Amino acid sequence: MHVIQFLSLWLIPTLIACILLHGTYKRVPTYEAFVEGGKEGIQIAFSLIPYLVGMLVAVSVFRASGALDFFISYIKPFIVPLGLPSEVVPLAIIRPISGTASLGIVTDLIATYGPDSFIGRLASTIQGSTETTLYVLTVYFGAVGIRKMGDALKVGLLADFVSFIVSFVVVLWMFGK
């Protein structure tokens with residue numbers, strides 16, 4: 001345990017020091033490079049804001065309009081016989097869109113059902129094993145000017161779907177219902 005604490009305290013500062021020492025050894029102006037990287041980071045952050053706001057508005061409209069509830073009520077008869085709790089379906093739908101919104105759903109599920117319940121474990125596993133695919137494509141691809149993202153979208157959503165199914169199977173296998 002002491003080794004892990006030692007590593008967690010010193011690993012990143014040591015890594016940064018090694019990078020700076022290596023840059024200095026290679027005669028790279030490390031401070032100037034650091035400042036230039038900071039400037040680029042700020043520019044990228046500001047260029048991401050319109051995409052981020054657009055995504056957040058879209059998620060809010062989707063939830064507030066009742067479209068999410070309508071979709072869940074439509075598919076509920078198909079998923080309940082499989083043993084899949086309908087309570088986690090909003091998470092499966094929102095997770096590819098927004099990490100913050102899906103974290104809110106997970107928090108609500110854990111507060112309602114408990115962290116050691118089947119739903120709590122399943123929600124936590126889904127949250128940890130899936131990606132915010134649409135967010136990543138919208139924000140990062142938009143920031144660098146990539147317009148054709150059809151294949152990346154298909155693969156990302158397929159990976160999210162597979163992760164959702166595997167999460168259900170693993171939680172069911174490991175913990176039962």
# chains A, B, ... in the order shown; residues from 1 in each chain; ligands from 1

call {"tool": "residues_around", "arguments": {"residues": "region 130-138 of chain A", "least_positions_apart": "4", "cutoff": "8 Å", "atoms": "only C-alpha atoms", "output": "list of chain:residue names"}}
result
A:Tyr51, A:Leu52, A:Met55, A:Arg95, A:Pro96, A:Ile97, A:Ser98, A:Gly99, A:Ile126, A:Gly142, A:Met149, A:Ala152, A:Leu153, A:Gly156, A:Leu157, A:Ala159, A:Asp160, A:Ser163, A:Phe164

call {"tool": "select_by_dssp", "arguments": {"residues": "region 71-131 of chain A", "states": "alpha helix (DSSP H)", "output": "PyMOL selection string"}}
result
chain A and resi 71-79+89-94+99-113+118-129

call {"tool": "residues_around", "arguments": {"residues": "Val89 (chain A)", "least_positions_apart": "5", "cutoff": "10 Å", "atoms": "only C-alpha atoms", "output": "list of chain:residue names"}}
result
A:Leu68, A:Asp69, A:Phe71, A:Ile72, A:Ile75, A:Lys76, A:Ile79, A:Leu84, A:Ile94, A:Arg95, A:Ala123, A:Phe164

call {"tool": "write_last_selection", "arguments": {"atoms": "N, CA, C and O atoms", "output": "mmCIF file, in the first residue's frame"}}
result
data_model
loop_
_atom_site.group_PDB
_atom_site.id
_atom_site.type_symbol
_atom_site.label_atom_id
_atom_site.label_comp_id
_atom_site.auth_asym_id
_atom_site.auth_seq_id
_atom_site.Cartn_x
_atom_site.Cartn_y
_atom_site.Cartn_z
ATOM 1 N N LEU A 68 -37.083 11.363 -24.998
ATOM 2 C CA LEU A 68 -36.406 10.267 -24.308
ATOM 3 C C LEU A 68 -37.418 9.357 -23.619
ATOM 4 O O LEU A 68 -37.346 8.133 -23.747
ATOM 5 N N ASP A 69 -38.368 9.946 -22.902
ATOM 6 C CA ASP A 69 -39.392 9.155 -22.217
ATOM 7 C C ASP A 69 -40.261 8.381 -23.211
ATOM 8 O O ASP A 69 -40.632 7.236 -22.962
ATOM 9 N N PHE A 71 -39.347 7.295 -26.197
ATOM 10 C CA PHE A 71 -38.554 6.197 -26.733
ATOM 11 C C PHE A 71 -38.456 5.043 -25.734
ATOM 12 O O PHE A 71 -38.580 3.879 -26.101
ATOM 13 N N ILE A 72 -38.263 5.369 -24.472
ATOM 14 C CA ILE A 72 -38.155 4.335 -23.442
ATOM 15 C C ILE A 72 -39.464 3.579 -23.301
ATOM 16 O O ILE A 72 -39.474 2.348 -23.198
ATOM 17 N N ILE A 75 -39.739 1.017 -26.219
ATOM 18 C CA ILE A 75 -38.897 -0.185 -26.231
ATOM 19 C C ILE A 75 -38.995 -1.021 -24.957
ATOM 20 O O ILE A 75 -38.481 -2.139 -24.911
ATOM 21 N N LYS A 76 -39.653 -0.503 -23.943
ATOM 22 C CA LYS A 76 -39.747 -1.214 -22.666
ATOM 23 C C LYS A 76 -40.314 -2.628 -22.810
ATOM 24 O O LYS A 76 -39.775 -3.565 -22.207
ATOM 25 N N ILE A 79 -37.406 -5.010 -23.872
ATOM 26 C CA ILE A 79 -36.210 -5.227 -23.051
ATOM 27 C C ILE A 79 -36.500 -5.866 -21.706
ATOM 28 O O ILE A 79 -35.643 -6.545 -21.161
ATOM 29 N N LEU A 84 -33.336 -6.912 -18.724
ATOM 30 C CA LEU A 84 -32.648 -5.625 -18.705
ATOM 31 C C LEU A 84 -33.554 -4.587 -18.052
ATOM 32 O O LEU A 84 -34.669 -4.354 -18.516
ATOM 33 N N ILE A 94 -28.222 8.320 -23.506
ATOM 34 C CA ILE A 94 -27.569 9.609 -23.267
ATOM 35 C C ILE A 94 -26.052 9.497 -23.224
ATOM 36 O O ILE A 94 -25.347 10.426 -23.613
ATOM 37 N N ARG A 95 -25.515 8.366 -22.796
ATOM 38 C CA ARG A 95 -24.063 8.227 -22.630
ATOM 39 C C ARG A 95 -23.278 8.545 -23.909
ATOM 40 O O ARG A 95 -22.267 9.250 -23.842
ATOM 41 N N ALA A 123 -25.335 0.419 -13.979
ATOM 42 C CA ALA A 123 -25.154 1.811 -14.398
ATOM 43 C C ALA A 123 -23.695 2.232 -14.276
ATOM 44 O O ALA A 123 -23.158 2.888 -15.177
ATOM 45 N N PHE A 164 -22.479 -1.730 -23.928
ATOM 46 C CA PHE A 164 -23.714 -1.790 -23.154
ATOM 47 C C PHE A 164 -24.139 -3.240 -22.930
ATOM 48 O O PHE A 164 -24.436 -3.653 -21.802
#

call {"tool": "atom_distance", "arguments": {"atom1": "CA of Phe168 (chain A)", "atom2": "CA of Ala101 (chain A)"}}
result
20.4 Å

call {"tool": "residues_around", "arguments": {"residues": "Asp108 (chain A)", "least_positions_apart": "6", "cutoff": "10 Å", "atoms": "only C-alpha atoms", "output": "PyMOL selection string"}}
result
chain A and resi 102+114+120

call {"tool": "atom_distance", "arguments": {"atom1": "CA of Val170 (chain A)", "atom2": "CA of Leu109 (chain A)"}}
result
18.7 Å

call {"tool": "atom_distance", "arguments": {"atom1": "CA of Leu91 (chain A)", "atom2": "CA of Leu103 (chain A)"}}
result
8.5 Å

call {"tool": "residues_around", "arguments": {"residues": "Asp116 (chain A)", "least_positions_apart": "6", "cutoff": "12 Å", "atoms": "only C-alpha atoms", "output": "VMD selection string"}}
result
chain A and resid 109 to 110 122 to 125 171 175 to 177

call {"tool": "write_last_selection", "arguments": {"atoms": "all heavy atoms", "output": "JSON list (two decimals), in the first residue's frame"}}
result
[["chain", "number", "residue", "atom", "x", "y", "z"],
["A", 109, "LEU", "N", -29.60, 7.11, -10.37],
["A", 109, "LEU", "CA", -29.86, 5.67, -10.22],
["A", 109, "LEU", "C", -29.23, 5.13, -8.93],
["A", 109, "LEU", "O", -29.85, 4.34, -8.22],
["A", 109, "LEU", "CB", -29.34, 4.91, -11.44],
["A", 109, "LEU", "CG", -30.12, 5.09, -12.73],
["A", 109, "LEU", "CD1", -29.40, 4.42, -13.90],
["A", 109, "LEU", "CD2", -31.53, 4.56, -12.61],
["A", 110, "ILE", "N", -28.02, 5.55, -8.65],
["A", 110, "ILE", "CA", -27.36, 5.08, -7.43],
["A", 110, "ILE", "C", -28.05, 5.63, -6.19],
["A", 110, "ILE", "O", -28.21, 4.91, -5.19],
["A", 110, "ILE", "CB", -25.86, 5.42, -7.46],
["A", 110, "ILE", "CG1", -25.16, 4.55, -8.51],
["A", 110, "ILE", "CG2", -25.21, 5.25, -6.10],
["A", 110, "ILE", "CD1", -23.70, 4.87, -8.75],
["A", 122, "LEU", "N", -24.86, -2.03, -12.66],
["A", 122, "LEU", "CA", -24.97, -1.98, -14.11],
["A", 122, "LEU", "C", -24.74, -0.56, -14.62],
["A", 122, "LEU", "O", -23.99, -0.35, -15.59],
["A", 122, "LEU", "CB", -26.33, -2.51, -14.56],
["A", 122, "LEU", "CG", -26.60, -2.53, -16.06],
["A", 122, "LEU", "CD1", -25.54, -3.36, -16.78],
["A", 122, "LEU", "CD2", -27.99, -3.07, -16.34],
["A", 123, "ALA", "N", -25.34, 0.42, -13.98],
["A", 123, "ALA", "CA", -25.15, 1.81, -14.40],
["A", 123, "ALA", "C", -23.69, 2.23, -14.28],
["A", 123, "ALA", "O", -23.16, 2.89, -15.18],
["A", 123, "ALA", "CB", -26.04, 2.72, -13.56],
["A", 124, "SER", "N", -23.05, 1.84, -13.20],
["A", 124, "SER", "CA", -21.63, 2.19, -13.01],
["A", 124, "SER", "C", -20.76, 1.52, -14.08],
["A", 124, "SER", "O", -19.83, 2.15, -14.60],
["A", 124, "SER", "CB", -21.17, 1.76, -11.62],
["A", 124, "SER", "OG", -21.89, 2.43, -10.63],
["A", 125, "THR", "N", -21.06, 0.28, -14.39],
["A", 125, "THR", "CA", -20.28, -0.43, -15.40],
["A", 125, "THR", "C", -20.49, 0.17, -16.79],
["A", 125, "THR", "O", -19.53, 0.33, -17.56],
["A", 125, "THR", "CB", -20.65, -1.93, -15.40],
["A", 125, "THR", "OG1", -20.49, -2.44, -14.08],
["A", 125, "THR", "CG2", -19.76, -2.72, -16.35],
["A", 171, "VAL", "N", -22.16, -7.89, -15.55],
["A", 171, "VAL", "CA", -22.76, -7.59, -14.24],
["A", 171, "VAL", "C", -23.72, -8.73, -13.85],
["A", 171, "VAL", "O", -23.75, -9.15, -12.69],
["A", 171, "VAL", "CB", -23.46, -6.22, -14.24],
["A", 171, "VAL", "CG1", -24.28, -6.01, -12.98],
["A", 171, "VAL", "CG2", -22.43, -5.11, -14.38],
["A", 175, "PHE", "N", -22.56, -10.68, -10.53],
["A", 175, "PHE", "CA", -23.32, -10.35, -9.34],
["A", 175, "PHE", "C", -24.72, -10.96, -9.31],
["A", 175, "PHE", "O", -25.39, -10.91, -8.28],
["A", 175, "PHE", "CB", -23.46, -8.83, -9.20],
["A", 175, "PHE", "CG", -22.13, -8.12, -9.13],
["A", 175, "PHE", "CD1", -21.67, -7.37, -10.21],
["A", 175, "PHE", "CD2", -21.33, -8.22, -8.00],
["A", 175, "PHE", "CE1", -20.47, -6.73, -10.15],
["A", 175, "PHE", "CE2", -20.13, -7.57, -7.95],
["A", 175, "PHE", "CZ", -19.69, -6.83, -9.02],
["A", 176, "GLY", "N", -25.18, -11.49, -10.43],
["A", 176, "GLY", "CA", -26.55, -12.00, -10.48],
["A", 176, "GLY", "C", -27.54, -10.86, -10.45],
["A", 176, "GLY", "O", -27.18, -9.69, -10.47],
["A", 177, "LYS", "N", -28.79, -11.19, -10.44],
["A", 177, "LYS", "CA", -29.80, -10.13, -10.47],
["A", 177, "LYS", "C", -30.38, -9.85, -9.16],
["A", 177, "LYS", "O", -30.52, -10.19, -8.18],
["A", 177, "LYS", "CB", -30.91, -10.51, -11.44],
["A", 177, "LYS", "CG", -31.79, -9.34, -11.72],
["A", 177, "LYS", "CD", -32.29, -9.39, -13.10],
["A", 177, "LYS", "CE", -33.05, -8.09, -13.30],
["A", 177, "LYS", "NZ", -33.68, -7.95, -14.47]]
